[in-house]
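J.: I am sharing target.pdb, which consists of PDB, C-alpha atoms:
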```pdb
ATOM      1  CA  MET A   9      76.756 112.868  71.702  1.00  0.00           C
ATOM      2  CA  ARG A  10      73.291 113.456  73.151  1.00  0.00           C
ATOM      3  CA  ASN A  11      70.573 110.978  72.453  1.00  0.00           C
ATOM      4  CA  ARG A  12      67.173 111.997  71.127  1.00  0.00           C
ATOM      5  CA  ALA A  13      65.440 111.699  74.554  1.00  0.00           C
ATOM      6  CA  THR A  14      67.979 114.041  76.138  1.00  0.00           C
ATOM      7  CA  ALA A  15      67.599 116.505  73.281  1.00  0.00           C
ATOM      8  CA  LEU A  16      63.800 116.527  73.684  1.00  0.00           C
ATOM      9  CA  ARG A  17      63.844 117.013  77.472  1.00  0.00           C
ATOM     10  CA  PRO A  18      63.966 120.878  77.382  1.00  0.00           C
ATOM     11  CA  ALA A  19      61.040 120.951  74.943  1.00  0.00           C
ATOM     12  CA  LEU A  20      59.003 118.608  77.140  1.00  0.00           C
ATOM     13  CA  VAL A  21      59.732 120.706  80.234  1.00  0.00           C
ATOM     14  CA  ALA A  22      58.683 123.863  78.363  1.00  0.00           C
ATOM     15  CA  LEU A  23      55.491 122.170  77.176  1.00  0.00           C
ATOM     16  CA  SER A  24      54.724 121.023  80.724  1.00  0.00           C
ATOM     17  CA  VAL A  25      55.182 124.553  82.075  1.00  0.00           C
ATOM     18  CA  VAL A  26      52.950 126.005  79.357  1.00  0.00           C
ATOM     19  CA  THR A  27      50.317 123.364  80.117  1.00  0.00           C
ATOM     20  CA  LEU A  28      50.404 124.137  83.842  1.00  0.00           C
ATOM     21  CA  ILE A  29      50.150 127.831  83.162  1.00  0.00           C
ATOM     22  CA  ALA A  30      47.204 127.386  80.801  1.00  0.00           C
ATOM     23  CA  LEU A  31      45.402 125.213  83.310  1.00  0.00           C
ATOM     24  CA  GLY A  32      46.174 127.607  86.153  1.00  0.00           C
ATOM     25  CA  GLY A  33      44.932 130.675  84.325  1.00  0.00           C
ATOM     26  CA  CYS A  34      48.189 132.597  84.845  1.00  0.00           C
ATOM     27  CA  THR A  35      51.223 133.298  82.784  1.00  0.00           C
ATOM     28  CA  LEU A  36      54.887 133.486  83.633  1.00  0.00           C
ATOM     29  CA  ALA A  37      56.191 137.000  83.399  1.00  0.00           C
ATOM     30  CA  PRO A  38      59.020 139.132  84.662  1.00  0.00           C
ATOM     31  CA  THR A  39      56.728 140.930  87.122  1.00  0.00           C
ATOM     32  CA  GLY A  40      58.010 138.667  89.897  1.00  0.00           C
ATOM     33  CA  ASP A  41      56.172 138.730  93.171  1.00  0.00           C
ATOM     34  CA  ALA A  42      53.373 141.261  92.435  1.00  0.00           C
ATOM     35  CA  HIS A  43      54.653 143.797  94.980  1.00  0.00           C
ATOM     36  CA  PHE A  44      54.287 147.288  93.516  1.00  0.00           C
ATOM     37  CA  ASN A  45      54.135 150.950  94.432  1.00  0.00           C
ATOM     38  CA  LEU A  46      51.236 152.148  92.295  1.00  0.00           C
ATOM     39  CA  GLY A  47      50.607 155.318  94.251  1.00  0.00           C
ATOM     40  CA  VAL A  48      47.919 155.564  96.902  1.00  0.00           C
ATOM     41  CA  PRO A  49      44.145 155.307  96.780  1.00  0.00           C
ATOM     42  CA  GLY A  50      42.537 158.676  96.212  1.00  0.00           C
ATOM     43  CA  GLU A  51      38.892 159.504  96.717  1.00  0.00           C
ATOM     44  CA  VAL A  52      36.291 156.738  96.791  1.00  0.00           C
ATOM     45  CA  LYS A  53      34.515 156.646  93.422  1.00  0.00           C
ATOM     46  CA  GLN A  54      32.193 153.695  93.930  1.00  0.00           C
ATOM     47  CA  THR A  55      31.315 150.905  96.353  1.00  0.00           C
ATOM     48  CA  VAL A  56      29.989 147.632  94.953  1.00  0.00           C
ATOM     49  CA  THR A  57      28.503 144.986  97.260  1.00  0.00           C
ATOM     50  CA  ASP A  58      27.743 141.297  96.744  1.00  0.00           C
ATOM     51  CA  VAL A  59      30.783 140.790  94.505  1.00  0.00           C
ATOM     52  CA  SER A  60      31.762 137.146  93.939  1.00  0.00           C
ATOM     53  CA  TYR A  61      35.557 136.856  94.276  1.00  0.00           C
ATOM     54  CA  TYR A  62      38.002 134.569  96.087  1.00  0.00           C
ATOM     55  CA  PRO A  63      41.479 136.135  96.365  1.00  0.00           C
ATOM     56  CA  ALA A  64      43.137 133.261  98.241  1.00  0.00           C
ATOM     57  CA  CYS A  65      46.034 132.753  95.796  1.00  0.00           C
ATOM     58  CA  GLY A  66      46.855 136.386  95.176  1.00  0.00           C
ATOM     59  CA  ASN A  67      46.877 135.902  91.400  1.00  0.00           C
ATOM     60  CA  THR A  68      43.221 135.708  90.381  1.00  0.00           C
ATOM     61  CA  PRO A  69      41.925 138.775  88.515  1.00  0.00           C
ATOM     62  CA  LEU A  70      38.472 140.113  89.293  1.00  0.00           C
ATOM     63  CA  GLU A  71      36.133 140.954  86.412  1.00  0.00           C
ATOM     64  CA  LEU A  72      33.736 143.690  87.470  1.00  0.00           C
ATOM     65  CA  ASP A  73      31.487 145.699  85.146  1.00  0.00           C
ATOM     66  CA  GLY A  74      33.740 145.057  82.147  1.00  0.00           C
ATOM     67  CA  VAL A  75      36.941 146.040  83.977  1.00  0.00           C
ATOM     68  CA  THR A  76      39.666 143.569  84.923  1.00  0.00           C
ATOM     69  CA  TRP A  77      41.229 144.156  88.341  1.00  0.00           C
ATOM     70  CA  TYR A  78      44.531 142.474  89.243  1.00  0.00           C
ATOM     71  CA  PRO A  79      45.543 141.746  92.851  1.00  0.00           C
ATOM     72  CA  PHE A  80      48.816 143.144  94.115  1.00  0.00           C
ATOM     73  CA  VAL A  81      50.622 143.866  97.362  1.00  0.00           C
ATOM     74  CA  PRO A  82      51.438 147.554  97.839  1.00  0.00           C
ATOM     75  CA  THR A  83      55.052 148.195  98.799  1.00  0.00           C
ATOM     76  CA  ASN A  84      53.856 151.427 100.401  1.00  0.00           C
ATOM     77  CA  LEU A  85      51.119 149.807 102.507  1.00  0.00           C
ATOM     78  CA  ASP A  86      51.705 152.270 105.361  1.00  0.00           C
ATOM     79  CA  GLU A  87      50.177 154.983 103.121  1.00  0.00           C
ATOM     80  CA  PHE A  88      46.941 153.022 102.536  1.00  0.00           C
ATOM     81  CA  PRO A  89      43.738 152.970 104.617  1.00  0.00           C
ATOM     82  CA  SER A  90      43.993 150.869 107.777  1.00  0.00           C
ATOM     83  CA  PRO A  91      42.556 147.342 107.910  1.00  0.00           C
ATOM     84  CA  ALA A  92      39.902 148.480 110.412  1.00  0.00           C
ATOM     85  CA  ALA A  93      38.819 151.309 108.094  1.00  0.00           C
ATOM     86  CA  LEU A  94      38.364 148.725 105.328  1.00  0.00           C
ATOM     87  CA  GLY A  95      36.363 146.290 107.475  1.00  0.00           C
ATOM     88  CA  VAL A  96      39.066 143.617 107.572  1.00  0.00           C
ATOM     89  CA  THR A  97      38.797 141.717 110.822  1.00  0.00           C
ATOM     90  CA  GLY A  98      39.805 138.113 110.205  1.00  0.00           C
ATOM     91  CA  GLY A  99      43.004 136.211 110.574  1.00  0.00           C
ATOM     92  CA  HIS A 100      44.058 136.020 106.919  1.00  0.00           C
ATOM     93  CA  GLY A 101      43.188 139.587 106.175  1.00  0.00           C
ATOM     94  CA  PHE A 102      44.624 142.773 104.946  1.00  0.00           C
ATOM     95  CA  SER A 103      46.893 142.356 101.959  1.00  0.00           C
ATOM     96  CA  ARG A 104      49.006 139.779 103.712  1.00  0.00           C
ATOM     97  CA  VAL A 105      48.789 137.395 100.780  1.00  0.00           C
ATOM     98  CA  VAL A 106      52.275 136.228  99.935  1.00  0.00           C
ATOM     99  CA  PRO A 107      52.272 135.889  96.166  1.00  0.00           C
ATOM    100  CA  GLY A 108      52.493 132.288  95.119  1.00  0.00           C
ATOM    101  CA  VAL A 109      51.429 131.013  98.548  1.00  0.00           C
ATOM    102  CA  PRO A 110      47.702 130.610  99.103  1.00  0.00           C
ATOM    103  CA  ALA A 111      46.390 132.662 102.015  1.00  0.00           C
ATOM    104  CA  VAL A 112      44.110 129.766 102.880  1.00  0.00           C
ATOM    105  CA  ALA A 113      45.884 126.492 102.266  1.00  0.00           C
ATOM    106  CA  VAL A 114      45.532 122.846 103.164  1.00  0.00           C
ATOM    107  CA  ARG A 115      47.927 120.006 102.540  1.00  0.00           C
ATOM    108  CA  ALA A 116      46.816 117.567  99.869  1.00  0.00           C
ATOM    109  CA  GLY A 117      49.426 114.868 100.210  1.00  0.00           C
ATOM    110  CA  ALA A 118      52.686 116.755  99.828  1.00  0.00           C
ATOM    111  CA  VAL A 119      51.266 119.509  97.633  1.00  0.00           C
ATOM    112  CA  PRO A 120      49.671 122.675  99.074  1.00  0.00           C
ATOM    113  CA  ALA A 121      46.177 123.300  97.758  1.00  0.00           C
ATOM    114  CA  VAL A 122      43.732 126.146  98.172  1.00  0.00           C
ATOM    115  CA  ALA A 123      41.007 125.396 100.667  1.00  0.00           C
ATOM    116  CA  ALA A 124      37.403 125.875  99.681  1.00  0.00           C
ATOM    117  CA  PRO A 125      36.121 129.260 100.794  1.00  0.00           C
ATOM    118  CA  GLY A 126      34.476 129.423 104.187  1.00  0.00           C
ATOM    119  CA  PRO A 127      31.173 131.203 104.760  1.00  0.00           C
ATOM    120  CA  GLY A 128      31.418 134.738 103.407  1.00  0.00           C
ATOM    121  CA  ASP A 129      34.978 134.326 102.078  1.00  0.00           C
ATOM    122  CA  ASP A 130      34.084 134.413  98.374  1.00  0.00           C
ATOM    123  CA  VAL A 131      31.553 137.265  98.379  1.00  0.00           C
ATOM    124  CA  GLY A 132      32.285 140.768  99.488  1.00  0.00           C
ATOM    125  CA  THR A 133      32.550 144.469  98.841  1.00  0.00           C
ATOM    126  CA  VAL A 134      34.790 146.267  96.370  1.00  0.00           C
ATOM    127  CA  VAL A 135      35.638 149.881  97.056  1.00  0.00           C
ATOM    128  CA  ILE A 136      36.870 151.582  93.886  1.00  0.00           C
ATOM    129  CA  TYR A 137      39.145 154.588  94.297  1.00  0.00           C
ATOM    130  CA  ASP A 138      40.398 157.008  91.735  1.00  0.00           C
ATOM    131  CA  ASN A 139      44.010 156.327  90.720  1.00  0.00           C
ATOM    132  CA  ARG A 140      42.916 152.946  89.224  1.00  0.00           C
ATOM    133  CA  LEU A 141      42.988 151.187  92.609  1.00  0.00           C
ATOM    134  CA  ALA A 142      40.339 149.174  94.439  1.00  0.00           C
ATOM    135  CA  HIS A 143      40.043 147.053  97.559  1.00  0.00           C
ATOM    136  CA  PHE A 144      38.073 143.824  98.036  1.00  0.00           C
ATOM    137  CA  THR A 145      36.962 142.779 101.519  1.00  0.00           C
ATOM    138  CA  SER A 146      35.155 139.473 101.946  1.00  0.00           C
ATOM    139  CA  ASP A 147      31.856 139.494 103.823  1.00  0.00           C
ATOM    140  CA  SER A 148      33.517 137.319 106.480  1.00  0.00           C
ATOM    141  CA  GLY A 149      36.238 139.944 106.935  1.00  0.00           C
ATOM    142  CA  ASN A 150      38.821 137.166 106.659  1.00  0.00           C
ATOM    143  CA  LEU A 151      40.155 137.886 103.171  1.00  0.00           C
ATOM    144  CA  SER A 152      41.051 141.052 101.375  1.00  0.00           C
ATOM    145  CA  ALA A 153      43.054 142.211  98.407  1.00  0.00           C
ATOM    146  CA  TRP A 154      44.271 145.422  96.866  1.00  0.00           C
ATOM    147  CA  LEU A 155      43.509 145.570  93.161  1.00  0.00           C
ATOM    148  CA  THR A 156      44.667 147.611  90.190  1.00  0.00           C
ATOM    149  CA  THR A 157      43.615 147.943  86.581  1.00  0.00           C
ATOM    150  CA  LYS A 158      47.301 147.759  85.608  1.00  0.00           C
ATOM    151  CA  LYS A 159      47.678 144.403  83.872  1.00  0.00           C
ATOM    152  CA  ILE A 160      49.805 142.055  85.949  1.00  0.00           C
ATOM    153  CA  THR A 161      50.962 138.635  84.876  1.00  0.00           C
ATOM    154  CA  TYR A 162      52.058 136.426  87.734  1.00  0.00           C
ATOM    155  CA  ALA A 163      55.122 134.261  88.084  1.00  0.00           C
ATOM    156  CA  TRP A 164      53.283 131.435  89.825  1.00  0.00           C
ATOM    157  CA  VAL A 165      50.353 129.096  89.298  1.00  0.00           C
ATOM    158  CA  CYS A 166      47.903 128.418  92.072  1.00  0.00           C
TER     159      CYS A 166
END
```
Now, as a test, write the supplied structure out as structure tokens.
T.:
Amino acid sequence: MRNRATALRPALVALSVVTLIALGGCTLAPTGDAHFNLGVPGEVKQTVTDVSYYPACGNTPLELDGVTWYPFVPTNLDEFPSPAALGVTGGHGFSRVVPGVPAVAVRAGAVPAVAAPGPGDDVGTVVIYDNRLAHFTSDSGNLSAWLTTKKITYAWVC
């Protein structure tokens, strides 16, 4: 016979997960690792500069002019514009964010944590393509992210 504490354990674990998700701004979902083939960028529709955004975790949506853009990693990256064409020059760069693992991380005790952005890492340019795709490049050239208007919920909290 299970005691009351044992019976409550699954509910407490579920509550803890929900709390972490709410605090992290993400939700658990069956979308897995945020790797998708969403087609390829078409023609450039718009370029927006001085955009505040820090894509270090790979799961932070960008709100821009009333549109929500979700970061993703294209599975067909070889069909996308080259890093040089997008102005990505730094070490963390071009869509190499591994979902769930911060691109810029420090160790805080035994728990990885996202480092504060360096100069020019959290402001940059968004190039919006047709086909509901966009690309963010930080002013430093160190961080970048492919974005889509397709709603993505992430299976990790950063």
J.: Can you list, as a ChimeraX atom specification, the residues that the PyMOL selection byres ((chain A and resi 125) around 10) selects here?
T.: /A:62-64,112,122-124,126-131,151
J.: Pick the closest to A:Gly149 from A:Val48, A:Ala92, A:Ala163, A:Val135: which is it, counting only C-alpha atoms?
T.: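 For A:Gly149, the nearest of the given residues is A:Ala92.
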J.: Which is closest to A:His143 among A:Asn84, A:Thr57, A:Asn45, A:Thr161, if we use all atoms listed in the file?
T.: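 Distance minimum relative to A:His143 lands on A:Thr57.
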J.: Evaluate the PyMOL selection byres ((chain A and resi 52) around 9) here and jot the selected residues down as a ChimeraX atom specification.
T.: /A:49-51,53-55,135-138,142
J.: Could you save the residues just selected, with C-alpha atoms, as a compact mmCIF listing (two decimals), in the frame of the given file?
T.:
```txt
# COMPACT_ATOMS: atom_id res chain seq x y z
CA PRO A 49 44.14 155.31 96.78
CA GLY A 50 42.54 158.68 96.21
CA GLU A 51 38.89 159.50 96.72
CA LYS A 53 34.52 156.65 93.42
CA GLN A 54 32.19 153.70 93.93
CA THR A 55 31.32 150.90 96.35
CA VAL A 135 35.64 149.88 97.06
CA ILE A 136 36.87 151.58 93.89
CA TYR A 137 39.15 154.59 94.30
CA ASP A 138 40.40 157.01 91.74
CA ALA A 142 40.34 149.17 94.44
```
J.: Between A:Leu94, A:Val59, A:Leu70, A:Leu85, single out the one closest to A:Asn150, counting all atoms listed in the file.
T.: A:Leu94
J.: Could you check the closest approach to A:Phe144 for each of A:Phe88, A:Phe80, A:Trp164, A:Tyr61 and tell me which residue wins, using all atoms listed in the file?
T.: A:Tyr61
J.: For atom CA of A:Pro69 and atom CA of A:Thr157, quote the distance in Å rounded to one decimal.
T.: 9.5 Å
J.: Keeping N, CA and C atoms (and nothing else), can you write stretch 33-81 of chain A of this structure as an mmCIF file, in the first residue's frame?
T.:
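part-v3.cif, freshly written:
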```cif
data_model
loop_
_atom_site.group_PDB
_atom_site.id
_atom_site.type_symbol
_atom_site.label_atom_id
_atom_site.label_comp_id
_atom_site.auth_asym_id
_atom_site.auth_seq_id
_atom_site.Cartn_x
_atom_site.Cartn_y
_atom_site.Cartn_z
ATOM 1 N N GLY A 33 9.350 30.844 -19.448
ATOM 2 C CA GLY A 33 8.726 31.440 -20.605
ATOM 3 C C GLY A 33 8.525 30.466 -21.760
ATOM 4 N N CYS A 34 8.711 29.168 -21.539
ATOM 5 C CA CYS A 34 8.555 28.186 -22.593
ATOM 6 C C CYS A 34 7.566 27.129 -22.139
ATOM 7 N N THR A 35 7.125 26.341 -23.069
ATOM 8 C CA THR A 35 6.245 25.253 -22.702
ATOM 9 C C THR A 35 6.784 23.952 -23.256
ATOM 10 N N LEU A 36 6.476 22.861 -22.584
ATOM 11 C CA LEU A 36 6.844 21.558 -23.112
ATOM 12 C C LEU A 36 5.905 21.230 -24.248
ATOM 13 N N ALA A 37 6.439 20.656 -25.286
ATOM 14 C CA ALA A 37 5.603 20.305 -26.428
ATOM 15 C C ALA A 37 6.288 19.210 -27.224
ATOM 16 N N PRO A 38 5.535 18.540 -28.050
ATOM 17 C CA PRO A 38 6.108 17.448 -28.820
ATOM 18 C C PRO A 38 6.961 17.897 -30.002
ATOM 19 N N THR A 39 7.292 19.187 -30.093
ATOM 20 C CA THR A 39 8.087 19.650 -31.222
ATOM 21 C C THR A 39 9.561 19.305 -31.065
ATOM 22 N N GLY A 40 9.959 18.759 -29.946
ATOM 23 C CA GLY A 40 11.312 18.223 -29.800
ATOM 24 C C GLY A 40 12.397 19.261 -29.830
ATOM 25 N N ASP A 41 13.299 19.140 -30.792
ATOM 26 C CA ASP A 41 14.525 19.915 -30.755
ATOM 27 C C ASP A 41 14.521 21.168 -31.623
ATOM 28 N N ALA A 42 13.403 21.549 -32.190
ATOM 29 C CA ALA A 42 13.255 22.773 -32.992
ATOM 30 C C ALA A 42 14.075 22.742 -34.273
ATOM 31 N N HIS A 43 14.338 21.567 -34.807
ATOM 32 C CA HIS A 43 14.953 21.411 -36.124
ATOM 33 C C HIS A 43 13.813 21.148 -37.112
ATOM 34 N N PHE A 44 13.716 21.995 -38.142
ATOM 35 C CA PHE A 44 12.612 21.881 -39.085
ATOM 36 C C PHE A 44 13.085 22.167 -40.500
ATOM 37 N N ASN A 45 12.375 21.620 -41.473
ATOM 38 C CA ASN A 45 12.502 22.034 -42.858
ATOM 39 C C ASN A 45 11.243 22.831 -43.158
ATOM 40 N N LEU A 46 11.391 24.144 -43.186
ATOM 41 C CA LEU A 46 10.253 25.037 -43.431
ATOM 42 C C LEU A 46 10.373 25.702 -44.791
ATOM 43 N N GLY A 47 11.055 25.037 -45.707
ATOM 44 C CA GLY A 47 11.298 25.617 -47.015
ATOM 45 C C GLY A 47 12.570 26.439 -46.976
ATOM 46 N N VAL A 48 12.712 27.339 -47.909
ATOM 47 C CA VAL A 48 13.901 28.188 -47.977
ATOM 48 C C VAL A 48 13.472 29.649 -48.041
ATOM 49 N N PRO A 49 14.353 30.540 -47.595
ATOM 50 C CA PRO A 49 14.025 31.960 -47.700
ATOM 51 C C PRO A 49 13.849 32.338 -49.174
ATOM 52 N N GLY A 50 12.843 33.134 -49.436
ATOM 53 C CA GLY A 50 12.634 33.630 -50.788
ATOM 54 C C GLY A 50 13.286 34.995 -50.937
ATOM 55 N N GLU A 51 12.566 35.899 -51.532
ATOM 56 C CA GLU A 51 13.060 37.259 -51.726
ATOM 57 C C GLU A 51 13.047 38.023 -50.403
ATOM 58 N N VAL A 52 13.979 38.950 -50.261
ATOM 59 C CA VAL A 52 14.002 39.823 -49.088
ATOM 60 C C VAL A 52 12.839 40.793 -49.198
ATOM 61 N N LYS A 53 12.012 40.830 -48.127
ATOM 62 C CA LYS A 53 10.869 41.743 -48.083
ATOM 63 C C LYS A 53 11.194 43.014 -47.318
ATOM 64 N N GLN A 54 12.013 42.862 -46.256
ATOM 65 C CA GLN A 54 12.266 44.007 -45.384
ATOM 66 C C GLN A 54 13.527 43.747 -44.579
ATOM 67 N N THR A 55 14.250 44.814 -44.261
ATOM 68 C CA THR A 55 15.395 44.746 -43.362
ATOM 69 C C THR A 55 15.155 45.739 -42.242
ATOM 70 N N VAL A 56 15.248 45.251 -41.001
ATOM 71 C CA VAL A 56 15.001 46.095 -39.832
ATOM 72 C C VAL A 56 16.279 46.115 -38.994
ATOM 73 N N THR A 57 16.781 47.300 -38.710
ATOM 74 C CA THR A 57 18.006 47.447 -37.916
ATOM 75 C C THR A 57 17.678 47.855 -36.490
ATOM 76 N N ASP A 58 18.673 47.797 -35.634
ATOM 77 C CA ASP A 58 18.548 48.187 -34.227
ATOM 78 C C ASP A 58 17.459 47.406 -33.497
ATOM 79 N N VAL A 59 17.382 46.116 -33.768
ATOM 80 C CA VAL A 59 16.397 45.243 -33.126
ATOM 81 C C VAL A 59 17.017 44.664 -31.859
ATOM 82 N N SER A 60 16.343 44.831 -30.726
ATOM 83 C CA SER A 60 16.801 44.249 -29.464
ATOM 84 C C SER A 60 16.357 42.791 -29.397
ATOM 85 N N TYR A 61 17.334 41.868 -29.321
ATOM 86 C CA TYR A 61 17.032 40.439 -29.274
ATOM 87 C C TYR A 61 18.301 39.709 -28.855
ATOM 88 N N TYR A 62 18.143 38.687 -28.026
ATOM 89 C CA TYR A 62 19.285 37.891 -27.565
ATOM 90 C C TYR A 62 18.939 36.414 -27.728
ATOM 91 N N PRO A 63 19.383 35.786 -28.815
ATOM 92 C CA PRO A 63 18.968 34.424 -29.143
ATOM 93 C C PRO A 63 19.828 33.326 -28.525
ATOM 94 N N ALA A 64 20.481 33.588 -27.426
ATOM 95 C CA ALA A 64 21.478 32.653 -26.888
ATOM 96 C C ALA A 64 20.931 31.272 -26.549
ATOM 97 N N CYS A 65 19.683 31.166 -26.131
ATOM 98 C CA CYS A 65 19.135 29.859 -25.730
ATOM 99 C C CYS A 65 18.499 29.096 -26.876
ATOM 100 N N GLY A 66 18.159 29.775 -27.945
ATOM 101 C CA GLY A 66 17.513 29.108 -29.055
ATOM 102 C C GLY A 66 16.035 28.849 -28.845
ATOM 103 N N ASN A 67 15.443 29.460 -27.809
ATOM 104 C CA ASN A 67 14.015 29.246 -27.561
ATOM 105 C C ASN A 67 13.274 30.529 -27.199
ATOM 106 N N THR A 68 13.881 31.669 -27.441
ATOM 107 C CA THR A 68 13.253 32.941 -27.100
ATOM 108 C C THR A 68 12.643 33.568 -28.342
ATOM 109 N N PRO A 69 11.316 33.700 -28.388
ATOM 110 C CA PRO A 69 10.684 34.353 -29.544
ATOM 111 C C PRO A 69 11.049 35.830 -29.601
ATOM 112 N N LEU A 70 10.991 36.365 -30.796
ATOM 113 C CA LEU A 70 11.223 37.783 -31.046
ATOM 114 C C LEU A 70 9.900 38.416 -31.426
ATOM 115 N N GLU A 71 9.523 39.483 -30.725
ATOM 116 C CA GLU A 71 8.332 40.255 -31.072
ATOM 117 C C GLU A 71 8.798 41.453 -31.895
ATOM 118 N N LEU A 72 8.285 41.551 -33.117
ATOM 119 C CA LEU A 72 8.712 42.635 -33.995
ATOM 120 C C LEU A 72 7.513 43.140 -34.792
ATOM 121 N N ASP A 73 7.151 44.382 -34.582
ATOM 122 C CA ASP A 73 6.033 45.007 -35.297
ATOM 123 C C ASP A 73 4.760 44.173 -35.232
ATOM 124 N N GLY A 74 4.452 43.635 -34.055
ATOM 125 C CA GLY A 74 3.224 42.880 -33.861
ATOM 126 C C GLY A 74 3.263 41.443 -34.361
ATOM 127 N N VAL A 75 4.420 40.987 -34.821
ATOM 128 C CA VAL A 75 4.570 39.614 -35.302
ATOM 129 C C VAL A 75 5.520 38.877 -34.361
ATOM 130 N N THR A 76 5.163 37.644 -34.015
ATOM 131 C CA THR A 76 6.028 36.821 -33.179
ATOM 132 C C THR A 76 6.831 35.895 -34.083
ATOM 133 N N TRP A 77 8.155 35.938 -33.914
ATOM 134 C CA TRP A 77 9.083 35.116 -34.674
ATOM 135 C C TRP A 77 9.721 34.107 -33.723
ATOM 136 N N TYR A 78 9.736 32.839 -34.127
ATOM 137 C CA TYR A 78 10.258 31.760 -33.298
ATOM 138 C C TYR A 78 11.563 31.229 -33.889
ATOM 139 N N PRO A 79 12.610 31.112 -33.062
ATOM 140 C CA PRO A 79 13.878 30.581 -33.580
ATOM 141 C C PRO A 79 13.785 29.084 -33.877
ATOM 142 N N PHE A 80 14.499 28.677 -34.911
ATOM 143 C CA PHE A 80 14.563 27.273 -35.267
ATOM 144 C C PHE A 80 15.878 26.999 -35.980
ATOM 145 N N VAL A 81 16.211 25.740 -36.112
ATOM 146 C CA VAL A 81 17.407 25.334 -36.844
ATOM 147 C C VAL A 81 16.934 24.629 -38.114
#
```
